[in-house]
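Colleague: Let me begin by handing over the structure; questions about it come next.
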Amino acid sequence: MAEAHPVGFQWVMEAKRRGATVIHVDPRFTRTSAMADLYVPIRAGTDIAFLGGLINHVLSTGTYFEEYVRAYTNAPMIVRKDFRDTEDLDGLFSGFHEQSARYDVRSWQYAGADVEASAGRRDELAGPPSEAGGPGGHEAADAEQAGSGGAPFRGTPTRDDSMQNPRCVFQVLKRHFARYTPEMVHEICGIPPETFARVADALVRNSGRERTTTFAYAVGWTHHTVGVQYIRTASILQSLLGNVGRPGGGILALRGHASIQGSTDIPTLYDLLPGYIPMPNAQREQNLTDFVEANAGDKGFWGDMDAYVVSLLKAWFGDAATKENDFCFDHLPRLDGDHSTFHTVMAQIEGKAPGYFVIGENPAVGTANSRMQRLGLANLEWLVVRDLNMIETATFWKDGPEIETGELRTEDIGTEVFFLPAAAHTEKDGTFTNTQRLLQWRHKAIEPTGDRRSDLWFYYRLGRRIKDKLAASSDPRDRPVQDLTWDYPLHGSGDRAEPVAESVLREINGTGPDGRALSGYTELRADGSTTCGCWIYSGVYADEVNQSARRKPAAEQDLVAAEWGWAWPMNRRILYNRASADPEGRPWSERKAYMWWDAEAGRWAGRDVVDFPATTPPDYVPPEGARAAAAIGGAEPFVMQSDGRAWLFAPAGLADGPMPAHYEPDESPVGNALYPKQRANPARRRFDRPGNRSHPEPDTAAAGVFPFVFTTFRVTEQHTAGGMSRWSGYLNELQPAMFLEVSPELAAERGLHHGAWAHVVTARSAVEGRVLVTERATPLRAGGRTVHQIGIPWHWGPNGLSTGDAANELLGVTLDPNVHIMETKAATCDIVAGRRPRGPALVEYLAAYRRRAGLEETP
Amino acid sequence: MTELTELTERPELTGRTRGPRGNSLYGPLADPSADAGYPAGHPPRVGFFTDTSVCIGCKACEVACKEWNALPVDSPAGPGDPAGPGADGDVLGLTGMSYDNTGALGASTYRHVAFIEQTVPARTARGVDLGMPGSGPPGADGDAGDATEVRWLMSSDVCKHCTHAACLDVCPTGALIRTEHGTVLVQDDICNGCGYCIPACPYGVIDQRKGDGRAFKCTMCQDRLGAGLMPACATACPTESIQFGPLDELRARAAQRVDALHAAGVSAARLYGHDPDDGVGGAGAFFLLLDEPEVYGLPPDPVVTTRDLPSMWRHAAAAALTVAGTVAAAFLGARR
Amino acid sequence: MGHEGGVGAREWIESWPVYRQLTGDDPLGRGVAARSARTDAKQARTTQADRVTKSVCPFCAVGCGQQIFTRNGEVTHIEGDPDSPISRGRLCPKGSSTLSLVTSPQRADKVRYRRPHGTGWEDLDLETAVDMIADRVLATRAATWQDVDDKGRRLNRTMGIASLGGATLDNEENYLMKKLYTALGAIQIENQARI
């Protein structure tokens, strides 16, 4: 956190000054470790074993927050009889289909209730399971719903509030994690039992009524084939300790781009519509009713999904969207599988996806298996790149690594490239949504010069031209474009005119029947009388005021600073904050008081906007047949969940298990000590093809070809793949070159010298850098052997002021099955002193490695 | 001759009014700005207190300084060998000194974050065994037997703005001056690049800029101070490792911080440069360190290089008088 | 020593360091006596800004407040916004380098065009570029359109046009992107959140 989010880290230092204990768990000793009270080195890719060990500690010592667990989590719920755990099935959960490497998730559900699967798969489950075995029997897209809610849910699950029933979640969880002992943690993670005990002790002591603990992760946690389950493990632990919905608690995702949260909320993502509404799927011929039926729950705020979808369609298609035509629901394109970026790139390589826009991103060096990315770029018909700087994605055709190796010739590359310079953040109005869901308005400071333009300008103009060109069309496929509302007030003159950004934000906020800006999503209706571009952002323009532009100085506000910007939803700063009070509505402790029930006023009071129906009393019991918000009981704080509770066990929504299980990374030097028969996540998505081979399994003859672990990382002085930082002299003099961090032991073993060149080799590529031999890197004992870990920063590439090989060249693409994010934080490699071969020699060098590893035919 | 005599009698030079040790070139001096002619009512002396126990080594100070002062990039790290020496830089591209690729303070580098990697005896479990309150920074000591752990120290160095600044005292052109804020400033319109100041600095701070010839160093953002702003480095510093303010307040705050760290078991915490009795009369920029100054590349006992100037001057003056007297005697004698 | 717009002889002499040194309170010439007119005149360039604009750092997702100082339509300085409850005026090295980011002479400011199989960049007018891109979109869309799948289920889409990016852009920009792409039937819309 000190490395990648130094200014956010000031609050850690502030907490420390006030007595907080800071524990840093990381494969590398970083600037964060330097500030921590305790640094815990961990073998890359083993966090579930570590966190699972803590869960086991909390459960087996009875140090969980019992009242919280009983009332606010699904610990008492009874799981279906046919559910089988990894303990029963040698590392698999029930429902696994070997052939498709997919789970049929139905046996994971509660007894007495059906819970829908996650965003992309819900509608599949709504239909009958196919004969092909797995649900649907085809590749399906999975959850991204976790951003704002759980899976929908019907019926009343059976529960046992004594939590003694052997099939209740609490007991299932206990059995599942029973073998995650300190000794197992030692064996898998390389963390000695004494160190583990210190962590467990600090965690337990700092949780409960009087104290809370927070977990913060930079998004490296998501970069694993079990990434979602990493977060799940932390969620379970935090829920057991009562650290969710309370001040000083939670799990904080420290995200790496200025508005990466916003681009998830208003998703430039294939599987979502704004506000985490799933994209419609073609698996069933859906109309709006079917779609809502398949995706909305009965209970909680997802119960009003129809209002959110209809209002979105009204915002997009305006008067053309009527009740009679299902509000133009059929204008929406349909998914029928995983259309995530890696599938797209493979389609590009095959020439099946000829057009590509790359906007403020740099896949030629910034995405795993960069060579695959560039081969995709080289097989396009046209490419549009918009950026501040002349990044590698725009220049791959003349100076990419494949030109040097002779694998590609400039003259042979048919891709037509348009490079359009972008306006900077100083040159446009608009909002970023930061990592804590806070929208902050930026005012334009100056006009962009030259051909620089905002993306608002570009997409508005592009849309305008396309609409003009299709205006006379009678082809039904052009109706969505013709019906699309695209009339924004403009400012600026002539060819510089662009939409007034506030008018777009107002459309996102939504309007009521009177045309006035809505004050929140509870005002949305399914009858077509309201519009709203993103329901969770409704309220950002309440009272016709741009709430995101509020900047009351912090010094004039309390700690919540509610009048600085606007946080979705409803300007709420802590989600699920009803849980900061006990079931009766009293703060768990005075010290941790945050929200409470004010009986006299008949509403919730406190420091924040309550994340709950504001006037629902703690003793409210929903009447029979109540739905949506009215179906939430007065003591059920988790209002986005269909049962109002935090899930220790996920009866739906996940593709690889209802509970986390430790699996080794796709590539690791050791077997799985917990589940010897399932080394890696059985449901991970693999692309076993030339150019993307995974390394041999451990303990095979060829495993020794790639004996070391590497993990990629960021440093403070550079940013992501360098698109914004490698052009800055002041930053590049501070971190001027690619380097490789190794321990003195590894240096001795491989003859590496401090400051000299070395290169790292994988089946995908070889990358060189200067060796930094440092005591900060220490080999770990794990799996009965010494494991060396190499740290590789991923900021460099061929362009800019400071150049070097891109770490992403080394990585293969193997994905988490839930969200299709690739594993970049743990893989295996070799390291060799000296520079890597260049030109055609590199191609042969890598082929020889693959042959030795049995990954390529001997010629 | 008369003037020389008068000069040697000036209390400012001889320090006679300042007690046995103090003079305007050495020893405690409460108000260096007054000493430099600023009238009563001038702003209080300001400075930096750099608390290295909370420095995260982010180098925001380095960048904020360079952006504000529009300083040249030291190591262009241009195309070609990315890790090679900068084309005209004063440090290598990649130094190999941990994460320090700046190397030293210089004419284009007014802030320099040093990184020191150490293997030290492991801390006790106290840090985590805490029910509360938590422990201190790296540097907390204890007894854990033979176990060792890695400690990564970071510290942002800067010009010390000495109470007795040798650079200023040796500057023949008046380019180096004491400001109304008690800081030491190079006036770039006056400096002629003679370079006398460079060997005079006991810390090796000031330097000549290549291709320019003049001497440069931290100005404590003189222009910002005039506008009521903090220096750029202190403004940016995320963790308040660099604190700016009236020197008196900083010294009091620093003493409290040391006490707190000692109470938390960080017995290695100590101040550096805060003491008006030290060799430079106390620095305007002082530090809280977690190890010996040498570890951070700081001289353990810096002494203003012009300490002995007054006595040297008196001797020189006496010699001059003798010469003059001899000449005069000879002349008078000749007249006789 | 003209009097027109200059200083008078007396003032000029008074500004001599040596004169000031010998007559003032700074006999050693280490302070007031040695100050140059330029030192006296030096002002923080923030005070000369004709506008200060509230903004947000464009690097990571912490969302630190920034103040953009401008003069005559140019950015002269960027520093932290002390009012921000998130950052309290502080910036990391990247945030502190924002002035360089936006004013860098290396920053691209002209459309560049590479024709298929071309070996170098060519100039292209911005409006022409946008028009050409619109044509490419429509042609690719027409060539790759899918009405229904092999079972006759509605698809309404093109698998020929993909987009990557959004995490560095504004919400309003992401919104127009998703809205336009969806109406066009382009579904392979992705950003850094998945990477």
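Here, A, B, ... name the chains of the structure tokens in the order displayed, residue numbers run from 1 inside each chain, and ligands are numbered from 1 in the same displayed order.
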Which polymer residues have any atom within 10 Å of an atom of B:Tyr99, counting only C-alpha atoms, with same-chain residues fewer than 6 positions away left out, as a CSV table (one decimal) with N, CA and C atoms, in the first residue's frame?
Modeller:
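Saved as around-v5.csv:
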chain,number,residue,atom,x,y,z
A,31,ARG,N,8.1,-1.3,0.7
A,31,ARG,CA,8.1,-0.1,1.5
A,31,ARG,C,7.0,-0.2,2.6
A,715,VAL,N,6.2,-0.4,-8.4
A,715,VAL,CA,7.0,0.5,-7.5
A,715,VAL,C,6.3,1.9,-7.5
A,717,GLU,N,7.4,4.8,-7.9
A,717,GLU,CA,7.8,5.8,-8.9
A,717,GLU,C,7.4,5.6,-10.3
A,734,LEU,N,14.1,8.4,-11.1
A,734,LEU,CA,14.0,7.7,-9.8
A,734,LEU,C,13.9,6.2,-9.9
A,735,GLN,N,13.3,5.7,-11.0
A,735,GLN,CA,13.3,4.3,-11.2
A,735,GLN,C,13.6,4.2,-12.7
A,772,LEU,N,19.1,-6.9,-8.8
A,772,LEU,CA,19.2,-6.3,-7.4
A,772,LEU,C,19.2,-7.4,-6.4
B,57,GLY,N,9.6,6.4,1.9
B,57,GLY,CA,10.5,6.3,0.8
B,57,GLY,C,9.9,6.5,-0.5
B,58,CYS,N,8.8,7.3,-0.6
B,58,CYS,CA,8.0,7.4,-1.8
B,58,CYS,C,8.6,8.4,-2.8
B,113,VAL,N,16.3,11.0,-1.2
B,113,VAL,CA,15.8,10.0,-0.2
B,113,VAL,C,16.8,8.8,-0.3
B,114,ALA,N,17.4,8.6,0.9
B,114,ALA,CA,18.4,7.5,1.0
B,114,ALA,C,17.6,6.2,1.5
B,115,PHE,N,18.1,5.1,1.0
B,115,PHE,CA,17.5,3.8,1.3
B,115,PHE,C,18.6,2.9,1.9
B,116,ILE,N,18.4,2.4,3.1
B,116,ILE,CA,19.4,1.6,3.7
B,116,ILE,C,18.8,0.3,4.1
B,117,GLU,N,19.3,-0.8,3.5
B,117,GLU,CA,18.8,-2.1,3.9
B,117,GLU,C,19.8,-2.7,4.9
B,154,MET,N,14.6,4.6,5.5
B,154,MET,CA,14.5,5.6,4.4
B,154,MET,C,14.5,7.0,5.1
Colleague: What are the residues of chain C lining chain B at 10 Å or less? Count only C-alpha atoms, and put the answer as an MDAnalysis selection string.
Modeller: chainID C and resid 17:18 21 24:47 76:82 87:100
Colleague: Could the residues in this selection be saved with N, CA and C atoms as a CSV table (one decimal), in the first residue's frame?
Modeller:
chain,number,residue,atom,x,y,z
C,17,PRO,N,25.2,46.5,-2.8
C,17,PRO,CA,25.4,45.7,-1.6
C,17,PRO,C,26.4,46.3,-0.7
C,18,VAL,N,27.5,46.8,-1.3
C,18,VAL,CA,28.5,47.3,-0.4
C,18,VAL,C,28.0,48.5,0.3
C,21,GLN,N,25.8,47.3,2.9
C,21,GLN,CA,26.6,46.6,4.0
C,21,GLN,C,27.2,47.6,4.9
C,24,GLY,N,24.1,49.7,6.7
C,24,GLY,CA,22.9,49.1,7.3
C,24,GLY,C,23.2,48.2,8.5
C,25,ASP,N,22.3,47.3,8.8
C,25,ASP,CA,22.4,46.5,10.0
C,25,ASP,C,23.1,45.1,9.6
C,26,ASP,N,23.6,45.0,8.5
C,26,ASP,CA,24.1,43.8,8.0
C,26,ASP,C,25.6,44.0,7.6
C,27,PRO,N,26.4,44.3,8.6
C,27,PRO,CA,27.8,44.7,8.2
C,27,PRO,C,28.6,43.6,7.5
C,28,LEU,N,28.2,42.4,7.7
C,28,LEU,CA,29.0,41.3,7.0
C,28,LEU,C,28.4,41.0,5.6
C,29,GLY,N,27.3,41.6,5.3
C,29,GLY,CA,26.8,41.4,4.0
C,29,GLY,C,26.2,40.0,3.8
C,30,ARG,N,25.6,39.5,4.8
C,30,ARG,CA,25.1,38.1,4.7
C,30,ARG,C,23.6,38.0,4.6
C,31,GLY,N,22.9,39.2,4.6
C,31,GLY,CA,21.5,39.1,4.6
C,31,GLY,C,20.9,40.3,3.8
C,32,VAL,N,20.3,41.2,4.5
C,32,VAL,CA,19.6,42.3,3.8
C,32,VAL,C,20.5,43.0,2.9
C,33,ALA,N,21.8,43.2,3.3
C,33,ALA,CA,22.7,44.0,2.5
C,33,ALA,C,23.0,43.4,1.2
C,34,ALA,N,22.9,42.0,1.2
C,34,ALA,CA,23.4,41.3,0.0
C,34,ALA,C,22.2,40.9,-0.9
C,35,ARG,N,21.0,41.2,-0.5
C,35,ARG,CA,19.8,40.7,-1.3
C,35,ARG,C,19.7,41.4,-2.6
C,36,SER,N,19.5,40.7,-3.6
C,36,SER,CA,19.4,41.3,-4.9
C,36,SER,C,17.9,41.7,-5.1
C,37,ALA,N,17.7,42.6,-6.1
C,37,ALA,CA,16.4,43.1,-6.4
C,37,ALA,C,15.6,41.9,-6.9
C,38,ARG,N,16.2,41.0,-7.5
C,38,ARG,CA,15.5,39.8,-8.1
C,38,ARG,C,15.0,38.9,-7.0
C,39,THR,N,15.8,38.8,-6.0
C,39,THR,CA,15.4,38.0,-4.8
C,39,THR,C,14.2,38.6,-4.2
C,40,ASP,N,14.3,39.9,-4.0
C,40,ASP,CA,13.1,40.6,-3.4
C,40,ASP,C,11.9,40.5,-4.2
C,41,ALA,N,12.1,40.4,-5.5
C,41,ALA,CA,10.9,40.5,-6.4
C,41,ALA,C,10.3,39.1,-6.7
C,42,LYS,N,11.0,38.1,-6.3
C,42,LYS,CA,10.6,36.7,-6.6
C,42,LYS,C,9.3,36.4,-5.9
C,43,GLN,N,8.4,35.8,-6.7
C,43,GLN,CA,7.1,35.5,-6.2
C,43,GLN,C,6.7,34.1,-6.6
C,44,ALA,N,6.0,33.4,-5.7
C,44,ALA,CA,5.5,32.1,-6.0
C,44,ALA,C,4.6,32.1,-7.3
C,45,ARG,N,4.9,31.2,-8.2
C,45,ARG,CA,4.1,31.4,-9.5
C,45,ARG,C,2.6,31.0,-9.2
C,46,THR,N,2.3,30.4,-8.1
C,46,THR,CA,0.9,30.2,-7.8
C,46,THR,C,0.2,31.5,-7.6
C,47,THR,N,0.9,32.5,-7.1
C,47,THR,CA,0.3,33.8,-6.8
C,47,THR,C,0.0,34.5,-8.1
C,76,THR,N,0.4,26.1,-15.1
C,76,THR,CA,1.7,26.5,-14.6
C,76,THR,C,2.2,25.7,-13.3
C,77,HIS,N,1.2,25.1,-12.7
C,77,HIS,CA,1.6,24.3,-11.5
C,77,HIS,C,0.4,23.4,-11.1
C,78,ILE,N,0.7,22.3,-10.5
C,78,ILE,CA,-0.3,21.4,-10.0
C,78,ILE,C,0.2,20.9,-8.6
C,79,GLU,N,-0.6,21.1,-7.6
C,79,GLU,CA,-0.3,20.5,-6.3
C,79,GLU,C,-1.5,20.1,-5.6
C,80,GLY,N,-1.3,19.5,-4.4
C,80,GLY,CA,-2.4,18.8,-3.7
C,80,GLY,C,-3.4,19.9,-3.2
C,81,ASP,N,-4.6,19.4,-3.1
C,81,ASP,CA,-5.7,20.3,-2.5
C,81,ASP,C,-5.8,20.0,-1.0
C,82,PRO,N,-5.4,21.0,-0.2
C,82,PRO,CA,-5.5,20.8,1.2
C,82,PRO,C,-6.9,20.6,1.8
C,87,SER,N,-6.9,13.2,0.8
C,87,SER,CA,-5.4,13.4,0.7
C,87,SER,C,-4.8,14.5,1.5
C,88,ARG,N,-5.7,15.4,2.1
C,88,ARG,CA,-5.2,16.5,2.9
C,88,ARG,C,-4.0,17.2,2.2
C,89,GLY,N,-4.1,17.4,0.9
C,89,GLY,CA,-3.2,18.2,0.2
C,89,GLY,C,-1.9,17.5,-0.2
C,90,ARG,N,-1.8,16.3,0.1
C,90,ARG,CA,-0.6,15.6,-0.2
C,90,ARG,C,-0.7,14.8,-1.5
C,91,LEU,N,0.5,14.6,-2.1
C,91,LEU,CA,0.5,13.8,-3.4
C,91,LEU,C,1.8,12.9,-3.3
C,92,CYS,N,1.7,11.8,-4.0
C,92,CYS,CA,2.8,10.9,-4.1
C,92,CYS,C,3.7,11.4,-5.2
C,93,PRO,N,4.8,10.7,-5.5
C,93,PRO,CA,5.7,11.1,-6.6
C,93,PRO,C,5.0,11.2,-7.9
C,94,LYS,N,4.1,10.3,-8.2
C,94,LYS,CA,3.4,10.3,-9.5
C,94,LYS,C,2.5,11.5,-9.5
C,95,GLY,N,1.7,11.7,-8.4
C,95,GLY,CA,0.8,12.8,-8.4
C,95,GLY,C,1.6,14.1,-8.4
C,96,SER,N,2.7,14.2,-7.8
C,96,SER,CA,3.5,15.4,-7.8
C,96,SER,C,4.1,15.6,-9.2
C,97,SER,N,4.1,14.6,-10.0
C,97,SER,CA,4.7,14.8,-11.4
C,97,SER,C,3.6,15.2,-12.4
C,98,THR,N,2.4,15.5,-11.9
C,98,THR,CA,1.3,15.7,-12.9
C,98,THR,C,1.6,16.8,-13.8
C,99,LEU,N,2.2,17.9,-13.3
C,99,LEU,CA,2.5,19.0,-14.2
C,99,LEU,C,3.3,18.5,-15.4
C,100,SER,N,4.3,17.7,-15.2
C,100,SER,CA,5.1,17.1,-16.3
C,100,SER,C,4.2,16.3,-17.2
Colleague: At a cut-off of 7 Å, list the chain A residues touching chain B, using only C-alpha atoms, as a PyMOL selection string.
Modeller: chain A and resi 2+6-7+10+13+16+19-21+31+34-35+37-38+198+202+205+716+729-730+733-737+755+772+775-776+801-804
Colleague: Quick one: residues within 12 Å of C:Cys60, only C-alpha atoms counted, chain neighbours fewer than 3 positions away excluded, as JSON, numbers by chain?
Modeller: {"A": [1, 3, 4, 5, 6, 7, 8, 218, 219, 254, 255, 256, 257, 258, 259, 260, 261, 432, 433, 434, 435, 714, 716, 718, 719, 720, 724, 725], "C": [56, 57, 63, 64, 65, 91, 92, 93, 94, 95, 167, 168, 169]}
Colleague: Keeping only C-alpha atoms, write the selected residues as a short mmCIF file (atom, residue, chain, number, x, y, z; two decimals), in the first residue's frame.
Modeller:
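What landed in part-v4.cif:
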data_model
loop_
_atom_site.label_atom_id
_atom_site.label_comp_id
_atom_site.auth_asym_id
_atom_site.auth_seq_id
_atom_site.Cartn_x
_atom_site.Cartn_y
_atom_site.Cartn_z
CA MET A 1 0.00 0.00 0.00
CA GLU A 3 4.26 1.37 -2.68
CA ALA A 4 1.21 1.74 -4.85
CA HIS A 5 -1.00 4.08 -2.82
CA PRO A 6 1.33 6.27 -0.74
CA VAL A 7 -1.17 8.99 -0.02
CA GLY A 8 -3.80 6.48 1.04
CA ALA A 218 -3.94 -3.94 -3.62
CA VAL A 219 -5.53 -5.78 -6.48
CA LEU A 254 -6.92 -0.53 -3.36
CA ARG A 255 -7.45 -0.14 -7.05
CA GLY A 256 -4.86 1.13 -9.43
CA HIS A 257 -6.48 3.45 -11.98
CA ALA A 258 -8.15 6.78 -11.38
CA SER A 259 -11.61 5.57 -12.29
CA ILE A 260 -11.33 1.82 -12.49
CA GLN A 261 -14.15 1.67 -9.97
CA PHE A 432 -13.63 9.83 -11.46
CA THR A 433 -14.94 7.26 -9.00
CA ASN A 434 -12.21 6.45 -6.56
CA THR A 435 -11.48 3.18 -4.85
CA ARG A 714 4.62 -2.08 -8.93
CA THR A 716 5.90 3.93 -6.26
CA GLN A 718 6.21 4.30 -11.92
CA HIS A 719 2.62 3.66 -12.92
CA THR A 720 1.10 0.48 -14.39
CA MET A 724 1.60 7.77 -17.98
CA SER A 725 4.94 7.54 -16.19
CA VAL C 56 -8.43 15.01 -8.95
CA CYS C 57 -5.18 13.16 -9.52
CA GLY C 63 -8.53 10.07 -5.65
CA CYS C 64 -6.27 12.73 -4.19
CA GLY C 65 -7.40 16.31 -4.61
CA LEU C 91 0.54 13.84 -3.37
CA CYS C 92 2.82 10.91 -4.08
CA PRO C 93 5.69 11.14 -6.59
CA LYS C 94 3.39 10.33 -9.48
CA GLY C 95 0.78 12.83 -8.37
CA ALA C 167 -10.32 2.72 -16.18
CA THR C 168 -8.41 5.93 -16.86
CA LEU C 169 -11.43 7.76 -18.24
#
Colleague: Any idea what's packed within 9 Å of stretch 212-214 of chain B, counting only C-alpha atoms, ignoring anything in its chain fewer than 4 positions away? Could you give it as an mmCIF file with C-alpha atoms, in the first residue's frame?
Modeller:
data_model
loop_
_atom_site.group_PDB
_atom_site.id
_atom_site.type_symbol
_atom_site.label_atom_id
_atom_site.label_comp_id
_atom_site.auth_asym_id
_atom_site.auth_seq_id
_atom_site.Cartn_x
_atom_site.Cartn_y
_atom_site.Cartn_z
ATOM 1 C CA ALA B 107 22.800 21.170 -8.020
ATOM 2 C CA ASP B 188 21.109 32.799 -8.850
ATOM 3 C CA CYS B 191 26.252 33.768 -8.185
ATOM 4 C CA ASN B 192 29.192 33.824 -10.558
ATOM 5 C CA GLY B 193 30.049 30.161 -10.194
ATOM 6 C CA CYS B 194 33.287 30.656 -8.285
ATOM 7 C CA GLY B 195 32.568 27.460 -6.374
ATOM 8 C CA ASP B 207 27.067 22.008 -5.944
ATOM 9 C CA GLN B 208 27.632 23.595 -9.314
#
Colleague: Please run DSSP on the backbone and report, as a PyMOL selection string, all residues within stretch 177-336 of chain B that come out as strand (DSSP E or B).
Modeller: chain B and resi 177-178+184-186+207-208+215-216+242-246+270-272+285-289
Colleague: Within 8 Å of A:Val500, counting only C-alpha atoms, which residues qualify if same-chain residues fewer than 5 places away don't, as a list in words?
Modeller: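 Here the qualifying residues turn out to be Tyr488, Pro489, Leu490 and His491 of chain A.
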Colleague: I want to know what sits within 9 Å of A:Pro193, based on only C-alpha atoms, with residues of the same chain fewer than 6 positions away left out; could you give that as a PDB file with C-alpha atoms, in the first residue's frame?
Modeller:
ATOM      1  CA  PRO A 182      -0.713 -23.626  11.705  1.00  0.00           C
ATOM      2  CA  GLU A 183       1.435 -26.574  10.656  1.00  0.00           C
ATOM      3  CA  VAL A 185       0.085 -22.969   6.915  1.00  0.00           C
ATOM      4  CA  HIS A 186       3.773 -23.479   7.579  1.00  0.00           C
TER       5      HIS A 186
END
Colleague: Pick from C:Thr128, C:Gln188, C:Asn72, C:Thr103: nearest to chain A, with only C-alpha atoms counted?
Modeller: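 Among the listed residues, the smallest separation from chain A belongs to C:Gln188.
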Colleague: Find the residues around A:Asn287 up to 8 Å (only C-alpha atoms counted), leave out those fewer than 6 positions away in its own chain, and share them as a ChimeraX atom specification.
Modeller: /A:326,329-330
Colleague: Restricted to N, CA and C atoms, what would the selected residues look like written as a PDB file, in the first residue's frame?
Modeller:
ATOM      1  N   ASP A 326     -41.616  -3.593 -24.831  1.00  0.00           N
ATOM      2  CA  ASP A 326     -40.696  -4.071 -23.794  1.00  0.00           C
ATOM      3  C   ASP A 326     -39.593  -3.051 -23.542  1.00  0.00           C
ATOM      4  N   PHE A 329     -36.167  -3.607 -25.031  1.00  0.00           N
ATOM      5  CA  PHE A 329     -35.248  -4.607 -24.471  1.00  0.00           C
ATOM      6  C   PHE A 329     -34.534  -5.371 -25.581  1.00  0.00           C
ATOM      7  N   ASP A 330     -35.221  -5.579 -26.692  1.00  0.00           N
ATOM      8  CA  ASP A 330     -34.600  -6.325 -27.790  1.00  0.00           C
ATOM      9  C   ASP A 330     -33.578  -5.504 -28.572  1.00  0.00           C
TER      10      ASP A 330
END
Colleague: Using Å and a single decimal, report how far atom CA of A:Met659 sits from atom CA of A:Thr86.
Modeller: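 So the answer is 9.4 Å.
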Colleague: Given only C-alpha atoms as the basis, pick out the residue of C:Asn156, C:Ala139, C:Ile133, C:Gln48 nearest to chain A.
Modeller: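 The closest residue to chain A is C:Asn156.
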Colleague: Could you check the closest approach to chain A for each of C:Arg194, C:Glu122, C:Tyr181, C:Thr158 and tell me which residue wins, using only C-alpha atoms?
Modeller: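 Going through C:Arg194, C:Glu122, C:Tyr181, C:Thr158 one by one, the smallest distance to chain A is for C:Arg194.
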Colleague: Which stretch 46-139 of chain C residues have any atom within 6 Å of an atom of stretch 420-430 of chain A, and for each, what is the nearest pair of atoms with distance in Å to one decimal, counting only C-alpha atoms, rows sorted by chain and number, as a Markdown table?
Modeller:
| residue | atom | partner | partner_atom | distance |
| --- | --- | --- | --- | --- |
| C:Ala108 | CA | A:Pro421 | CA | 5.5 |
| C:Asp109 | CA | A:Pro421 | CA | 5.4 |
| C:Val111 | CA | A:Leu420 | CA | 4.9 |
Colleague: Taking the DSSP secondary structure from the backbone, can you list the residues of chain C that are alpha helix (DSSP H), as an NGL selection string?
Modeller: :C and (9-14 or 17-23 or 37-41 or 93-96 or 98-103 or 126-144 or 171-184)
Colleague: Go through A:Gln482, A:Asn369, A:Ser263, A:Asn672 one by one, measure the shortest atom-to-atom distance of each to chain C using only C-alpha atoms, and give the residue with the smallest value.
Modeller: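 Nearest candidate to chain C out of A:Gln482, A:Asn369, A:Ser263, A:Asn672: A:Ser263.
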Colleague: Let me make sure I understand: among C:Asn191, C:Thr70, C:Gln146, C:Asn174, which one has the smallest atom-to-atom distance to C:Ala162 if we use only C-alpha atoms?
Modeller: C:Asn191
